file start-v7.cif (mmCIF, C-alpha atoms)
data_upload
#
loop_
_atom_site.label_atom_id
_atom_site.label_comp_id
_atom_site.auth_asym_id
_atom_site.auth_seq_id
_atom_site.Cartn_x
_atom_site.Cartn_y
_atom_site.Cartn_z
CA MET S 1 53.54 0.93 -22.53
CA ARG S 2 53.94 0.73 -18.74
CA ALA S 3 57.05 2.90 -18.92
CA LEU S 4 55.13 5.47 -20.99
CA LEU S 5 52.26 5.46 -18.48
CA ALA S 6 54.69 5.86 -15.58
CA ALA S 7 56.40 8.77 -17.34
CA ALA S 8 53.04 10.44 -18.02
CA THR S 9 52.05 10.02 -14.35
CA MET S 10 55.35 11.52 -13.17
CA LEU S 11 54.98 14.43 -15.62
CA GLN S 12 51.46 15.13 -14.38
CA ALA S 13 52.70 15.05 -10.77
CA LEU S 14 55.39 17.59 -11.66
CA ILE S 15 52.94 19.86 -13.45
CA THR S 16 50.15 19.72 -10.88
CA GLY S 17 52.36 19.38 -7.81
CA ASP S 18 50.55 16.19 -6.82
CA CYS S 19 51.67 14.64 -3.55
CA LEU S 20 51.45 11.05 -2.40
CA SER S 21 47.96 9.98 -1.31
CA CYS S 22 47.63 7.64 1.69
CA GLU S 23 44.74 6.27 3.70
CA GLN S 24 44.50 7.71 7.24
CA CYS S 25 42.79 6.01 10.18
CA LEU S 26 43.39 5.16 13.83
CA ALA S 27 41.41 2.60 15.84
CA LEU S 28 41.68 1.13 19.34
CA HIS S 29 40.81 -2.43 20.37
CA THR S 30 40.65 -3.76 16.82
CA SER S 31 43.10 -5.11 14.26
CA SER S 32 41.56 -3.20 11.35
CA CYS S 33 40.68 0.37 10.46
CA SER S 34 39.55 2.31 7.44
CA GLY S 35 39.44 6.01 6.78
CA VAL S 36 39.83 8.60 4.07
CA PHE S 37 42.59 9.00 1.52
CA THR S 38 44.40 12.27 1.87
CA GLN S 39 47.27 14.05 0.16
CA CYS S 40 50.45 13.91 2.20
CA PRO S 41 52.87 16.83 2.71
CA PRO S 42 55.39 17.26 -0.14
CA ASN S 43 58.28 15.73 1.85
CA VAL S 44 56.41 12.45 2.47
CA THR S 45 57.48 9.57 0.20
CA HIS S 46 55.77 6.59 1.89
CA CYS S 47 52.47 5.48 3.37
CA VAL S 48 52.49 3.38 6.54
CA THR S 49 50.26 0.68 8.02
CA GLY S 50 50.83 -0.60 11.52
CA LEU S 51 49.58 -2.46 14.54
CA GLU S 52 50.59 -2.17 18.20
CA ASN S 53 49.65 -4.67 20.90
CA THR S 54 50.26 -3.66 24.51
CA THR S 55 49.44 -6.11 27.30
CA LEU S 56 49.55 -5.17 30.98
CA GLY S 57 48.30 -7.91 33.26
CA ASN S 58 44.95 -8.96 31.83
CA ASP S 59 44.46 -5.74 29.84
CA ILE S 60 45.17 -6.02 26.11
CA ILE S 61 45.18 -2.81 24.08
CA ILE S 62 45.39 -3.11 20.29
CA THR S 63 46.00 0.02 18.22
CA THR S 64 45.74 -0.07 14.42
CA PHE S 65 46.72 2.82 12.17
CA LYS S 66 47.32 3.96 8.58
CA ASP S 67 48.87 7.28 7.65
CA CYS S 68 51.37 9.29 5.67
CA LEU S 69 54.78 8.29 7.00
CA ASP S 70 56.66 10.94 8.93
CA PRO S 71 60.09 10.87 7.20
CA SER S 72 61.82 10.90 10.61
CA LYS S 73 60.23 7.53 11.39
CA LYS S 74 61.31 5.71 8.23
CA ALA S 75 63.78 3.56 10.21
CA ALA S 76 60.82 1.69 11.71
CA CYS S 77 59.49 0.59 8.31
CA ASP S 78 59.06 -3.17 7.89
CA ARG S 79 60.36 -3.79 11.40
CA GLU S 80 58.93 -5.53 14.44
CA ILE S 81 59.62 -4.57 18.03
CA HIS S 82 58.76 -7.07 20.74
CA TYR S 83 59.48 -6.54 24.43
CA LYS S 84 58.16 -8.49 27.39
CA THR S 85 58.30 -9.19 31.08
CA SER S 86 56.00 -11.65 32.86
CA VAL S 87 53.59 -8.74 33.56
CA PHE S 88 53.93 -6.47 30.52
CA SER S 89 54.48 -6.94 26.79
CA LEU S 90 54.69 -4.63 23.80
CA TRP S 91 54.62 -5.77 20.17
CA THR S 92 54.63 -3.41 17.21
CA SER S 93 54.76 -4.05 13.48
CA ARG S 94 54.58 -1.57 10.61
CA THR S 95 54.89 -1.81 6.85
CA CYS S 96 55.57 1.01 4.42
CA CYS S 97 54.88 1.48 0.71
CA ASP S 98 55.57 4.26 -1.76
CA SER S 99 52.69 4.58 -4.22
CA ASP S 100 49.32 6.32 -4.14
CA PHE S 101 46.62 4.49 -2.14
CA CYS S 102 49.03 1.61 -1.40
CA ASN S 103 48.07 1.31 2.28
CA GLY S 104 44.38 0.76 1.59
CA GLY S 105 42.56 -2.46 2.40
CA ASP S 106 43.07 -4.84 5.30
CA VAL S 107 45.93 -4.33 7.73
CA GLN S 108 48.45 -7.05 6.92
CA VAL S 109 50.98 -7.70 9.68
CA PRO S 110 52.87 -10.89 10.46
CA PRO S 111 51.66 -12.84 13.51
CA ALA S 112 53.73 -12.48 16.66
CA ASP S 113 56.06 -15.43 17.29
CA ASP S 114 55.56 -16.75 20.83
CA THR S 115 57.89 -19.75 20.51
CA PRO S 116 60.51 -19.97 23.33
CA ASN S 117 63.99 -19.61 21.79
CA GLY S 118 66.33 -20.70 24.61
CA TYR S 119 67.34 -17.22 25.79
CA ILE S 120 66.55 -15.66 29.16
CA CYS S 121 66.80 -12.17 30.69
CA GLU S 122 66.52 -10.74 34.16
CA GLU S 123 63.09 -9.25 34.73
CA CYS S 124 61.24 -6.81 36.95
CA PHE S 125 58.29 -4.46 36.60
CA ASN S 126 57.40 -1.34 38.59
CA ASP S 127 54.58 1.08 37.71
CA GLN S 128 55.16 3.40 40.68
CA SER S 129 58.63 4.77 39.97
CA SER S 130 61.04 5.41 37.12
CA ASP S 131 63.99 4.51 39.34
CA PRO S 132 65.63 1.37 37.89
CA CYS S 133 63.94 -1.70 39.35
CA THR S 134 65.83 -4.64 40.85
CA ALA S 135 65.55 -8.00 39.10
CA THR S 136 63.03 -10.32 40.73
CA GLY S 137 63.71 -13.34 38.51
CA VAL S 138 64.17 -14.27 34.87
CA VAL S 139 61.83 -14.35 31.88
CA GLN S 140 61.98 -16.77 28.94
CA CYS S 141 62.57 -15.02 25.63
CA ILE S 142 60.49 -15.87 22.56
CA GLY S 143 60.64 -15.51 18.80
CA LYS S 144 63.41 -13.13 17.70
CA GLN S 145 64.10 -11.83 21.20
CA ASN S 146 67.84 -12.25 21.78
CA THR S 147 68.37 -9.01 23.70
CA CYS S 148 67.69 -7.90 27.26
CA GLY S 149 66.08 -4.49 27.61
CA THR S 150 65.95 -2.12 30.58
CA PHE S 151 63.43 0.73 30.49
CA SER S 152 62.83 3.56 32.93
CA GLY S 153 60.71 6.63 32.30
CA THR S 154 57.17 7.95 31.98
CA GLY S 155 54.55 6.39 29.76
CA SER S 156 50.83 6.21 29.07
CA ILE S 157 48.90 3.30 27.63
CA ALA S 158 46.07 3.98 25.17
CA GLY S 159 45.43 7.54 26.22
CA GLU S 160 45.57 6.98 29.98
CA ALA S 161 47.32 9.51 32.20
CA GLY S 162 51.11 9.20 32.20
CA ARG S 163 52.80 7.40 35.06
CA SER S 164 56.31 6.32 35.98
CA TYR S 165 57.56 2.88 34.95
CA SER S 166 60.70 0.83 35.23
CA ASN S 167 61.14 -2.68 33.92
CA LYS S 168 63.54 -5.29 32.58
CA GLY S 169 62.78 -8.07 30.13
CA CYS S 170 63.39 -9.76 26.78
CA ALA S 171 63.47 -7.72 23.57
CA THR S 172 64.11 -7.90 19.87
CA PRO S 173 67.33 -6.09 18.81
CA ASP S 174 65.36 -3.29 17.13
CA LEU S 175 64.06 -2.09 20.50
CA CYS S 176 67.27 -0.15 21.09
CA LYS S 177 68.17 0.44 17.43
CA ILE S 178 64.85 2.13 16.67
CA GLY S 179 63.52 2.97 20.13
CA VAL S 180 59.93 3.41 21.20
CA PHE S 181 59.53 7.10 20.34
CA ASN S 182 57.24 6.54 17.38
CA MET S 183 54.30 4.61 18.81
CA LEU S 184 50.69 5.77 18.65
CA GLY S 185 48.90 3.60 21.23
CA THR S 186 51.46 3.46 24.03
CA GLN S 187 53.34 6.74 24.45
CA VAL S 188 56.63 7.23 26.31
CA TYR S 189 58.36 10.40 27.44
CA ASP S 190 61.66 11.24 29.14
CA TYR S 191 62.86 7.66 29.11
CA ALA S 192 66.11 5.75 29.28
CA LEU S 193 66.51 2.51 27.35
CA LYS S 194 69.46 0.12 27.55
CA CYS S 195 70.05 -3.19 25.83
CA SER S 196 72.48 -6.07 26.33
CA PRO S 197 72.81 -9.57 24.85
CA ALA S 198 70.41 -12.15 26.27
CA LEU S 199 71.78 -15.19 28.10
CA LYS S 200 71.40 -18.79 26.98
CA ALA S 201 69.11 -20.66 29.35
#
call {"tool": "encode", "arguments": {"input": "start-v7.cif", "output": "structure tokens"}}
result
Amino acid sequence: MRALLAAATMLQALITGDCLSCEQCLALHTSSCSGVFTQCPPNVTHCVTGLENTTLGNDIIITTFKDCLDPSKKAACDREIHYKTSVFSLWTSRTCCDSDFCNGGDVQVPPADDTPNGYICEECFNDQSSDPCTATGVVQCIGKQNTCGTFSGTGSIAGEAGRSYSNKGCATPDLCKIGVFNMLGTQVYDYALKCSPALKA
């Protein structure tokens, strides 16, 4: 019966040209959002739900979103990126699904793992220049961070004006595999990103 229902649904989609329907919303400073369901473009095969947490000093900016998944960003599905220095941290998580209305309801993301893991990286942070900064010490890596990241470029946090940054710190391996091009809260432009294995403390 389920197979017959699925076949009928697929046939109707072919006849009517139905596209995937996903919930769309974007919210700052909260871990939940709700919006309207909308038909995605024909090339979209997945819906996405995500959360970004950017911390700079004492400022914590949370961005929550749901949308049709841009096919060029599929590599970030079901992945976490976590990068930190002693001054700045960035944590993103997104999940993807492939059926109508599947990203409705509460935003479900795994909690960030802040447990020290025995790795360290050189660290520095500069928000005045994109010239590579010189290490000022080391930072303890946490969770799945087993990689050292070096970033230099221009960025803006939660809609603020862009400024130049350079920093070094601990990262999860996906930071360089996926990059930071596909974020909604914190935006980066014209950047260089390098990764190397973290050191055992």
call {"tool": "resolve_selection", "arguments": {"input": "start-v7.cif", "expression": "the PyMOL selection byres ((chain S and resi 39-50) around 6)", "output": "mmCIF file with C-alpha atoms, in the coordinates of the input"}}
result
data_model
loop_
_atom_site.group_PDB
_atom_site.id
_atom_site.type_symbol
_atom_site.label_atom_id
_atom_site.label_comp_id
_atom_site.auth_asym_id
_atom_site.auth_seq_id
_atom_site.Cartn_x
_atom_site.Cartn_y
_atom_site.Cartn_z
ATOM 1 C CA CYS S 19 51.670 14.640 -3.550
ATOM 2 C CA LEU S 20 51.450 11.050 -2.400
ATOM 3 C CA SER S 21 47.960 9.980 -1.310
ATOM 4 C CA CYS S 22 47.630 7.640 1.690
ATOM 5 C CA THR S 38 44.400 12.270 1.870
ATOM 6 C CA LEU S 51 49.580 -2.460 14.540
ATOM 7 C CA THR S 64 45.740 -0.070 14.420
ATOM 8 C CA PHE S 65 46.720 2.820 12.170
ATOM 9 C CA LYS S 66 47.320 3.960 8.580
ATOM 10 C CA ASP S 67 48.870 7.280 7.650
ATOM 11 C CA CYS S 68 51.370 9.290 5.670
ATOM 12 C CA LEU S 69 54.780 8.290 7.000
ATOM 13 C CA SER S 93 54.760 -4.050 13.480
ATOM 14 C CA ARG S 94 54.580 -1.570 10.610
ATOM 15 C CA THR S 95 54.890 -1.810 6.850
ATOM 16 C CA CYS S 96 55.570 1.010 4.420
ATOM 17 C CA CYS S 97 54.880 1.480 0.710
ATOM 18 C CA ASP S 98 55.570 4.260 -1.760
#
call {"tool": "resolve_selection", "arguments": {"input": "start-v7.cif", "expression": "the PyMOL selection byres ((chain S and resi 55) around 8)", "output": "ChimeraX atom specification"}}
result
/S:53-54,56-61,87-90
call {"tool": "resolve_selection", "arguments": {"input": "start-v7.cif", "expression": "the PyMOL selection byres ((chain S and resi 36) around 7)", "output": "list in words"}}
result
Glu23, Gln24, Gly35, Phe37 and Thr38 of chain S
call {"tool": "write_last_selection", "arguments": {"input": "start-v7.cif", "atoms": "C-alpha atoms", "output": "PDB file, keeping the file's coordinate frame"}}
result
ATOM      1  CA  GLU S  23      44.740   6.270   3.700  1.00  0.00           C
ATOM      2  CA  GLN S  24      44.500   7.710   7.240  1.00  0.00           C
ATOM      3  CA  GLY S  35      39.440   6.010   6.780  1.00  0.00           C
ATOM      4  CA  PHE S  37      42.590   9.000   1.520  1.00  0.00           C
ATOM      5  CA  THR S  38      44.400  12.270   1.870  1.00  0.00           C
TER       6      THR S  38
END
call {"tool": "closest_residue", "arguments": {"input": "start-v7.cif", "among": "S:Leu193, S:Glu52, S:Ala161, S:Thr115", "to": "Ile81 of chain S", "atoms": "only C-alpha atoms"}}
result
S:Glu52
call {"tool": "residues_around", "arguments": {"input": "start-v7.cif", "residues": "Asp190 of chain S", "least_positions_apart": "4", "cutoff": "12 Å", "atoms": "only C-alpha atoms", "output": "VMD selection string"}}
result
chain S and resid 130 151 to 156 162 to 165 180 to 181
call {"tool": "atom_distance", "arguments": {"input": "start-v7.cif", "atom1": "atom CA of Cys25 of chain S", "atom2": "atom CA of Ala158 of chain S"}}
result
15.5 Å
call {"tool": "axis_aligned_box", "arguments": {"input": "start-v7.cif", "around": "segment 100-107 of chain S", "padding_each_side": "8 Å", "output": "JSON"}}
result
{"center_x": 45.9, "center_y": 0.7, "center_z": 1.8, "size_x": 22.8, "size_y": 27.2, "size_z": 27.9}
call {"tool": "residues_near_point", "arguments": {"input": "start-v7.cif", "point": "(60.0, 1.7, 37.8)", "cutoff": "6 Å", "atoms": "all atoms listed in the file", "output": "NGL selection string"}}
result
:S and (126-133 or 152 or 165-167)
call {"tool": "write_last_selection", "arguments": {"input": "start-v7.cif", "atoms": "C-alpha atoms", "output": "mmCIF file, in the coordinates of the input"}}
result
data_model
loop_
_atom_site.group_PDB
_atom_site.id
_atom_site.type_symbol
_atom_site.label_atom_id
_atom_site.label_comp_id
_atom_site.auth_asym_id
_atom_site.auth_seq_id
_atom_site.Cartn_x
_atom_site.Cartn_y
_atom_site.Cartn_z
ATOM 1 C CA ASN S 126 57.400 -1.340 38.590
ATOM 2 C CA ASP S 127 54.580 1.080 37.710
ATOM 3 C CA GLN S 128 55.160 3.400 40.680
ATOM 4 C CA SER S 129 58.630 4.770 39.970
ATOM 5 C CA SER S 130 61.040 5.410 37.120
ATOM 6 C CA ASP S 131 63.990 4.510 39.340
ATOM 7 C CA PRO S 132 65.630 1.370 37.890
ATOM 8 C CA CYS S 133 63.940 -1.700 39.350
ATOM 9 C CA SER S 152 62.830 3.560 32.930
ATOM 10 C CA TYR S 165 57.560 2.880 34.950
ATOM 11 C CA SER S 166 60.700 0.830 35.230
ATOM 12 C CA ASN S 167 61.140 -2.680 33.920
#
call {"tool": "atom_distance", "arguments": {"input": "start-v7.cif", "atom1": "atom CA of Pro71 of chain S", "atom2": "atom CA of Gly179 of chain S"}}
result
15.5 Å
call {"tool": "atom_distance", "arguments": {"input": "start-v7.cif", "atom1": "atom CA of Asp114 of chain S", "atom2": "atom CA of Glu160 of chain S"}}
result
27.3 Å
call {"tool": "residues_around", "arguments": {"input": "start-v7.cif", "residues": "Met183 of chain S", "least_positions_apart": "4", "cutoff": "9 Å", "atoms": "only C-alpha atoms", "output": "list in words"}}
result
Glu52, Thr92, Gln187 and Val188 of chain S
call {"tool": "closest_residue", "arguments": {"input": "start-v7.cif", "among": "S:Cys33, S:Ile157, S:Cys124, S:Ile142", "to": "Gly104 of chain S", "atoms": "all atoms listed in the file"}}
result
S:Cys33
call {"tool": "decode", "arguments": {"input": "start-v7.cif", "residues": "segment 74-112 of chain S", "atoms": "C-alpha atoms", "output": "compact mmCIF listing (two decimals), in the first residue's frame"}}
result
# COMPACT_ATOMS: atom_id res chain seq x y z
CA LYS S 74 25.03 20.08 -0.12
CA ALA S 75 28.53 19.19 1.14
CA ALA S 76 27.71 20.96 4.41
CA CYS S 77 24.70 18.72 5.13
CA ASP S 78 24.81 16.90 8.47
CA ARG S 79 28.18 18.43 9.28
CA GLU S 80 29.46 20.55 12.15
CA ILE S 81 32.15 23.19 11.88
CA HIS S 82 33.76 24.41 15.08
CA TYR S 83 36.62 26.92 15.19
CA LYS S 84 37.96 28.82 18.18
CA THR S 85 40.62 31.05 19.62
CA SER S 86 40.57 32.39 23.18
CA VAL S 87 38.74 35.50 21.88
CA PHE S 88 36.56 34.22 19.03
CA SER S 89 34.60 31.04 18.30
CA LEU S 90 32.35 29.87 15.48
CA TRP S 91 30.12 26.79 15.63
CA THR S 92 27.75 25.77 12.86
CA SER S 93 25.51 22.74 12.46
CA ARG S 94 23.03 21.94 9.70
CA THR S 95 20.83 18.98 8.86
CA CYS S 96 19.20 18.20 5.53
CA CYS S 97 16.17 16.13 4.54
CA ASP S 98 14.54 15.29 1.23
CA SER S 99 10.75 15.20 1.62
CA ASP S 100 8.02 17.84 1.60
CA PHE S 101 7.72 19.83 4.85
CA CYS S 102 10.49 17.76 6.47
CA ASN S 103 12.27 20.75 8.04
CA GLY S 104 9.22 21.95 9.96
CA GLY S 105 9.02 21.98 13.74
CA ASP S 106 11.74 22.69 16.28
CA VAL S 107 15.33 23.15 15.18
CA GLN S 108 17.14 19.99 16.24
CA VAL S 109 20.92 20.33 16.36
CA PRO S 110 23.40 18.41 18.49
CA PRO S 111 24.89 20.31 21.44
CA ALA S 112 28.41 21.64 20.98
